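Working notes, beginning with the structure itself.
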Amino acid sequence: MTSPATAAPSVPPSLSLPPSQFARLQPHAYLLAHLSPPPAMNQPSVRANGRAASQFRVTSANAGSLTHTNGSAVVRIGDTAAVCGVRAELLHTEDIASWSVSQSSSATNQSNEAGGQGTDAENEVDRAQIEDLNLLVPNLSLSTGCAPGFIPSAPPSALAQSLSHQILSLLHSTRLVKADDLRVWYQPPNLEHIENEMDVDGGSENRHPREIKAFWVLYIDIMIISLAGNAFDAAWASVLAALRDTKLPKAWWDVDNETILCSEDINEAHKLSLRGMPIASSFCVFEADAAAGWRAVVIPDAEEQNAEKQKKKGPQSRWILADPDGYEEGLTMEKACVVVDKENGKTVILKMEKLGGWTIDTEDLRQLVDISAQRWDEMKQILG
Amino acid sequence: MSREAPLSVAERDFILKALQENTRLDGREADQFRPLSISFGEEYGHVKLQLGKTSIIVRISAEVTKPRDDRPFDGLFDISIELTAMGSPGWENGRTSDQEASVSHVLDRVVRHSNALDTESLCIVKGVSCWSIRADIHVIDYDGNLTDAACIAVMTGLQHFRRPDAVVRDGHVIVYKVEDRVPVALNITHKPLSVTFNSFNDGRDIIVDATLKEEQAAEGELVIGINSGGEVCFMSKFSGAPLDPLSIVSKVNVALEKVKALNAQVDKVLQVDLAKRAKLGMADESRAANDR
Amino acid sequence: MVGPTASLSNLHRADGSASYKCPATGFAVLGAVNGPVELPARRDALKPEEATVEVFVKPGNAVPGVGEKYVEGILRDVLSTVILRREKGLPRRGVVITLAIVGGEATERGDSYLTLLPALLHAAQLALISAAIPLPMTLATTLLGVTRSGEIIRDPSPAVAKAATSLHAISFSSKGHLLMNESLGRFDFDTWELVRQQAATICRGAATPGSDGDAAMGGTDNAHVDGFVRETVEDHLHRDYNWKLESI
């Protein structure tokens with residue numbers, strides 16, 4: 001076995017292999033050799049890509065790069081690049097079948113009012129409008145050639161569909177976009193008010209409640225133009241950056257033409273006011289003895305496993321790798337994803353996912369949350 | 001590609017020879033259906049049907065949507081069938097097979113296009129809102145005669161289903177929850193069912209309700225969709241060996257007889273279930289009164 | 001509280017099958033497993049040394065959409081860990097798991113599917129057992145919701161789940177590993193630890209020896225999920241071997 005550093009292409013009939021070939025032939029052993037170098041070599045444990053276990057790839061973001069969208073962003077995490085464009089389309093309330101429909105028992109007459117006084121009721125209306133009327137429509141595509149195996153004119157892969165759903169689900173559960181930003185209101189002129197101006201009774205103002213005439217539907221299209229692992233973090237970051245960049249034109253109901261007009265003046269357009277800035281961080285677990293799975297039918301109890309972990313601090317048997325690249329993703333089963341936000345310096349977890357294995361438990365997750373919180377600071381700098 | 005295990009030559013010969021002697025593998029008459037059992041789930045329109053070893057679950061659901069622009073007075077009605085590996089290892093998940101297409105074609109013609117469900121009655125506000133009714137068919141065990149079983153199950157489901165009551169009040173549609181107002185039955189105009197015949201031995205032996213093995217040994221298929229009133233609404237002799245036209249005419253009479261019997265059975269189980277529900281509903285009401 | 005009900009091997013054609021119904025959430029799932037089967041060669045991701053697990057989720061009254069693809073991915077990852085994919089006869093073959101949602105409310109677009117996960121996982125696992133696919137351990141899953149007041153609710157109904165501030169679907173193996181955690185909403189790590197502890201109690205019975213368990217929790221809740229899975233299988237075995245038991 002050659003160490004990765006000493007490849008000698010000049011010696012013709014050599015039994016040694018250049019590192020790149022070794023990496024292809026024995027990927028697992030190759031990564032393992034990097035992570036746990038023989039003690040004699042006195043080398044630090046690094047990943048095959050030169051990063052430390054909890055180190056993310058170099059990330060860059062650029063907002064507003066597409067001209068014909070309401071908001072857009074390109075996010076690059078290492079060799080994974082995602083482009084996101086947000087396009088806003090108007091949806092008239094009269095075109096919504098369920099708009100004029102109300103459930104008998106839900107006491108709040110969901111629509112046409114500005115919402116109750118209580119913030120709870122307001123929040124509920126907000127959530128219901130965004131979710132039930134499908135005001136956010138993310139669609140992710142893995143473009144042809146973003147990685148080997150993505151051929152032209154193939155139907156959307158399971159990965160692309162699943163990522164689309166994850167993004168939508170996270171948009172809903174974090175309630176990132178406020179429904180109020182998407183509403184187009186109409187305030188009927190208060191004619192009676194002029195007539196009854198002398199009237200002492202001021203109740204006439206309530207007689208004409210303003211009504212919602214339309215909604216902006218945000219079509220959020222994400223294109224992964226290069227896929228080298230960790231598509232979700234890149235896709236989500238691009239969605240976030242694009243939404244932060246999104247400007248909606250001022251729109252109003254024109255009574256005379258019975259239509260909605262939009263202002264061309266860029267100064268009148270308003271930005272979305274998002275709720276927080278959730279940042280996603282993904283991890284995967286590389287196990288030293290994955291090859292032992294050939295034989296190992298007996299899986300140790302969780303307690304035994306913990307005891308063993310505490311007992312011998314000797315050779316590390318697994319590594320949690322942050323922001324895995326494509327090579328590492330192919331070698332691991334267990335993965336975790338944490339989405340955090342910070343409010344007044346306090347970390348809030350918005351999503352925590354772990355599946356595909358049995359080694360990550362409470363303590364590891366606690367560490368992952370800490371790492372994700374650090375990543376949040378880093379991303380805040382990058383997204384500006 | 002996974003597919004159904006083919007019939008062995010010996011099995012095929014056995015089935016054909018036996019039919020020549022007017023005997024079927026399970027001892028049935030040529031025009032006898034397998035035992036049919038129908039039960040209902042907790043929700044309205046949830047039907048579990050078992051025809052011999054073929055077993056199907058149908059769920060009917062309703063939601064308010066916008067009618068199609070070209071038909072503002074009509075509600076929507078869809079039948080969706082998807083064959084999964086659950087019903088038979090020969091079916092592949094997420095792939096449309098020929099069988100799926102043909103069954104859904106027959107169901108479409110027999111139930112949907114014959115206007116068994118009056119779609120105009122589903123309109124709430126012209127051009128603005130209407131009910132969309134969906135029938136989802138889950139084939140959980142497949143042992144032949146999928147078409148007829150699915151047809152009976154869908155028709156039973158439609159008759160069993162109750163949609164929430166909806167009222168229009170100054171331009172606003174109010175949908176009452178099932179607990180608040182007695183839900184409404186669908187408007188069924190007639191009750192067509194399909195009867196599938198399989199022919200063997202150059203059209204000399206024709207049987208109804210074939211099992212999977214009989215289907216595999218069959219040389220031709222004839223599907224007749226007919227209602228209890230004797231009106232034929234669908235007939236298909238799509239492929240396979242030729243059939244004598246006279247036998248087709250005689251089979252229409254057989255089909256009518258079968259449909260009458262099947263519909264009678266469906267009516268009976270529906271009545272039993274509705275009576276049971278009514279009793280339960282009363283018990284619930286009195287319990288609620290006691291609680292108060 | 002009414003416990004869940006389940007039964008094994010109720011279908012004829014599939015290699016293994018099971019039905020699972022949870023009255024608290026209203027969901028009923030029918031699971032079927034075919035395996036090991038030959039998979040078509042079109043799959044490029046087949047690994048030479050182990051079995052490929054395929055999951056298909058069929059919603060009760062809708063066409064399968066992107067949401068199903070997502071939940072299929074979760075189920076595949078979780079179930080792959082409890083299937084001995086390298087056992088004899090399994091490599092290069094497929095284990096096809098089909099799950100049909102036959103009861104309960106329809107899931108909306110963009111739903112997290114967390115409320116459905118326990119029913120789906122239990123139905124799939126029991127069907128795997130029924131199909132005699134080798135498993136090194138079983139799993140038990142529970143769904144917990146944290147309300148605005150910080151109360152932890154077990155098996156919240158879809159309406160309660162929607163109003164909850166955070167929702168957690170947690171799976172434990174019969175050997176005590178945390179197999180799956182899916183948490184959504186807003187919460188901090190301390191809350192999650194409490195949820196995890198309660199989930200462990202629900203799934204595995206008495207509190208783990210390491211932590212000094214709540215007396216109130218450990219004592220009352222004997223009917224834990226792990227035991228339920230075990231009992232269902234035991235009942236089925238008892239019925240299957242009835243002829244043998246009676247002859248002794």
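Here, A, B, ... name the chains of the structure tokens in the order displayed, residue numbers run from 1 inside each chain, and ligands are numbered from 1 in the same displayed order.
When DSSP is run on the backbone, the residues of region 115-220 of chain B that fall into alpha helix (DSSP H) are Leu146, Thr147, Asp148, Ala149, Ala150, Cys151, Ile152, Ala153, Val154, Met155, Thr156, Gly157, Leu158, Gln159, His160, Leu212, Lys213, Glu214, Glu215, Gln216 and Ala217 of chain B.
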Output N, CA and C atoms for every residue in that selection, as a tab-separated table (two decimals), in the first residue's frame.
chain	number	residue	atom	x	y	z
B	146	LEU	N	-60.24	-9.06	-11.86
B	146	LEU	CA	-60.04	-7.76	-11.21
B	146	LEU	C	-61.13	-6.78	-11.62
B	147	THR	N	-61.50	-6.80	-12.92
B	147	THR	CA	-62.43	-5.81	-13.44
B	147	THR	C	-63.77	-5.84	-12.70
B	148	ASP	N	-64.35	-7.02	-12.61
B	148	ASP	CA	-65.67	-7.11	-11.99
B	148	ASP	C	-65.60	-6.74	-10.51
B	149	ALA	N	-64.57	-7.25	-9.86
B	149	ALA	CA	-64.43	-6.98	-8.43
B	149	ALA	C	-64.29	-5.48	-8.18
B	150	ALA	N	-63.45	-4.82	-9.00
B	150	ALA	CA	-63.24	-3.39	-8.82
B	150	ALA	C	-64.53	-2.62	-9.10
B	151	CYS	N	-65.27	-3.09	-10.09
B	151	CYS	CA	-66.50	-2.42	-10.48
B	151	CYS	C	-67.53	-2.51	-9.35
B	152	ILE	N	-67.68	-3.70	-8.79
B	152	ILE	CA	-68.63	-3.86	-7.69
B	152	ILE	C	-68.20	-2.99	-6.51
B	153	ALA	N	-66.89	-3.00	-6.23
B	153	ALA	CA	-66.39	-2.26	-5.07
B	153	ALA	C	-66.62	-0.75	-5.24
B	154	VAL	N	-66.36	-0.24	-6.44
B	154	VAL	CA	-66.54	1.20	-6.66
B	154	VAL	C	-68.02	1.57	-6.55
B	155	MET	N	-68.88	0.76	-7.17
B	155	MET	CA	-70.31	1.08	-7.12
B	155	MET	C	-70.82	1.01	-5.68
B	156	THR	N	-70.37	0.00	-4.93
B	156	THR	CA	-70.78	-0.10	-3.52
B	156	THR	C	-70.29	1.12	-2.76
B	157	GLY	N	-69.03	1.49	-3.02
B	157	GLY	CA	-68.46	2.65	-2.34
B	157	GLY	C	-69.26	3.91	-2.61
B	158	LEU	N	-69.64	4.11	-3.87
B	158	LEU	CA	-70.39	5.32	-4.23
B	158	LEU	C	-71.75	5.35	-3.52
B	159	GLN	N	-72.36	4.17	-3.40
B	159	GLN	CA	-73.67	4.13	-2.75
B	159	GLN	C	-73.53	4.29	-1.24
B	160	HIS	N	-72.38	3.90	-0.71
B	160	HIS	CA	-72.17	3.97	0.73
B	160	HIS	C	-71.70	5.36	1.16
B	212	LEU	N	-57.25	-16.53	-11.37
B	212	LEU	CA	-56.02	-16.15	-12.07
B	212	LEU	C	-55.57	-17.26	-13.01
B	213	LYS	N	-55.62	-18.50	-12.53
B	213	LYS	CA	-55.16	-19.61	-13.36
B	213	LYS	C	-56.04	-19.78	-14.58
B	214	GLU	N	-57.34	-19.64	-14.39
B	214	GLU	CA	-58.26	-19.76	-15.52
B	214	GLU	C	-58.02	-18.63	-16.52
B	215	GLU	N	-57.76	-17.43	-15.98
B	215	GLU	CA	-57.48	-16.31	-16.87
B	215	GLU	C	-56.25	-16.59	-17.72
B	216	GLN	N	-55.25	-17.17	-17.08
B	216	GLN	CA	-54.01	-17.44	-17.81
B	216	GLN	C	-54.21	-18.50	-18.88
B	217	ALA	N	-55.17	-19.41	-18.66
B	217	ALA	CA	-55.40	-20.46	-19.63
B	217	ALA	C	-56.39	-20.03	-20.71
Which residues, written as an NGL selection string, have at least one atom at most 8 Å from Asn10 (chain C), with only C-alpha atoms counted and residues fewer than 6 positions away on the same chain left out?
-> :C and (17-19)
Take the residues from that selection and put them in a file with N, CA and C atoms, as a compact mmCIF listing (two decimals), in the first residue's frame.
# COMPACT_ATOMS: atom_id res chain seq x y z
N SER C 17 -47.06 -9.97 4.82
CA SER C 17 -47.95 -8.82 4.90
C SER C 17 -48.35 -8.58 6.33
N ALA C 18 -48.79 -7.38 6.60
CA ALA C 18 -49.24 -7.04 7.94
C ALA C 18 -50.13 -5.81 7.86
N SER C 19 -51.04 -5.70 8.81
CA SER C 19 -51.83 -4.48 8.89
C SER C 19 -51.62 -3.89 10.27
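With only C-alpha atoms taken into account, the protein and nucleic acid residues at most 10 Å from Cys233 (chain B) (excluding it and anything under 4 positions from it in its own chain) are Arg109, Val110, Val111, His113, Ser114, Asn115, Pro192, Leu193, Ser194, Ile224, Gly225, Ile226 and Asn227 of chain B.
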Select all residues from chain B having any atom no more than 7 Å from an atom of chain C (counting only C-alpha atoms, ignoring ligands), output as a ChimeraX atom specification.
/B:1,59,61,85-89,93,136,141-142
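All residues of protein, DNA or RNA that reach within 10 Å of region 151-154 of chain C, judged by only C-alpha atoms and not counting those fewer than 6 positions away in the chain, are Ala24, Thr25, Thr142, Leu143, Leu144, Gly145, Val160, Ala161, Ala164, Ser166, Leu167, His168, Thr191, Leu194, Val195, Gln198, Ala199 and Ile202 of chain C.
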Problem - chain A contacts on chain C, only C-alpha atoms, 8 Å, as a count of residues only - result: 35
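For chain B, the residues no farther than 8 Å from chain A when using only C-alpha atoms are Val64, Thr65, Lys66, Val128, Ser129, Gly171, His172, Val173, Ile174, Val175, Tyr176, Lys177 and Asp180 of chain B.
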How would the residues just picked look written out with C-alpha atoms as a PDB file, in the first residue's frame?
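Below is the file again-v7.pdb, written as the result:
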ATOM      1  CA  VAL B  64     -64.524  21.204  -2.965  1.00  0.00           C
ATOM      2  CA  THR B  65     -62.801  22.418  -6.098  1.00  0.00           C
ATOM      3  CA  LYS B  66     -63.348  24.602  -9.141  1.00  0.00           C
ATOM      4  CA  VAL B 128     -67.072  28.581  -9.074  1.00  0.00           C
ATOM      5  CA  SER B 129     -67.197  25.551  -6.862  1.00  0.00           C
ATOM      6  CA  GLY B 171     -72.009  33.902  -2.149  1.00  0.00           C
ATOM      7  CA  HIS B 172     -70.275  31.973   0.581  1.00  0.00           C
ATOM      8  CA  VAL B 173     -70.186  28.213   0.652  1.00  0.00           C
ATOM      9  CA  ILE B 174     -70.431  26.712   4.094  1.00  0.00           C
ATOM     10  CA  VAL B 175     -69.365  23.104   4.410  1.00  0.00           C
ATOM     11  CA  TYR B 176     -70.821  21.393   7.445  1.00  0.00           C
ATOM     12  CA  LYS B 177     -68.724  18.830   9.208  1.00  0.00           C
ATOM     13  CA  ASP B 180     -72.714  18.995  12.660  1.00  0.00           C
TER      14      ASP B 180
END
From CA of Leu274 (chain A) to CA of Leu176 (chain A) the spacing works out at 5.3 Å
* Using only C-alpha atoms, which residues sit within 10 Å of Pro183 (chain B) once same-chain residues fewer than 2 positions away are excluded, as a ChimeraX atom specification? -> /B:44,161-166,176-181,185-186
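Shell of Ser37 (chain B) at 12 Å, with only C-alpha atoms counted and residues fewer than 3 places along the chain excluded, is Phe33, Arg34, Phe40, Val47, Lys48, Leu49, Gln50, Leu51, Gly52, Lys53, Thr54, Ser55, Ile56, Ile57, Ala149, Ile152, Ala153, Thr156, Leu262, Gln265, Val266, Lys268, Val269 and Leu270 of chain B.
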Open item on the list: If DSSP is run on the backbone, what residues of region 37-231 of chain B are strand (DSSP E or B)? A reply as a count of residues only would be ideal.
Closed with: 78
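Neighbours of Gln99 (chain B) closer than or equal to 12 Å, with only C-alpha atoms counted and sequence neighbours fewer than 6 positions away skipped, come out as Arg3, Glu4, Ile81, Glu82, Leu83, Thr84, Gly90, Trp91, Glu92, His105, Val106, Tyr142, Gly144, Asn145, Leu146 and Thr147 of chain B.
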Next, dump the selected residues to file, keeping only C-alpha atoms, as a PDB file, in the first residue's frame.
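Contents of the output file again.pdb:
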ATOM      1  CA  ARG B   3     -44.211 -10.683 -14.133  1.00  0.00           C
ATOM      2  CA  GLU B   4     -46.768 -13.220 -13.146  1.00  0.00           C
ATOM      3  CA  ILE B  81     -56.483   2.427  -9.868  1.00  0.00           C
ATOM      4  CA  GLU B  82     -52.849   1.630  -9.392  1.00  0.00           C
ATOM      5  CA  LEU B  83     -51.579  -1.912  -9.243  1.00  0.00           C
ATOM      6  CA  THR B  84     -48.814  -2.338  -6.707  1.00  0.00           C
ATOM      7  CA  GLY B  90     -45.924  -9.753 -10.821  1.00  0.00           C
ATOM      8  CA  TRP B  91     -46.870  -6.096 -10.639  1.00  0.00           C
ATOM      9  CA  GLU B  92     -44.167  -3.524 -10.349  1.00  0.00           C
ATOM     10  CA  HIS B 105     -60.618   1.836 -19.137  1.00  0.00           C
ATOM     11  CA  VAL B 106     -63.474  -0.533 -18.362  1.00  0.00           C
ATOM     12  CA  TYR B 142     -55.145 -10.617  -6.909  1.00  0.00           C
ATOM     13  CA  GLY B 144     -58.363 -13.149 -11.218  1.00  0.00           C
ATOM     14  CA  ASN B 145     -61.362 -11.108 -12.363  1.00  0.00           C
ATOM     15  CA  LEU B 146     -60.044  -7.764 -11.208  1.00  0.00           C
ATOM     16  CA  THR B 147     -62.429  -5.807 -13.443  1.00  0.00           C
TER      17      THR B 147
END
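For the residues A:Asp323, A:Glu264, A:Glu378, A:Asp370, ranking by smallest atom-to-atom distance to Arg47 (chain A) using only C-alpha atoms places A:Asp323 first.
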Between A:Leu133, A:Leu31, A:Val255, A:Phe232, smallest distance to Ala288 (chain A) by only C-alpha atoms belongs to A:Leu31
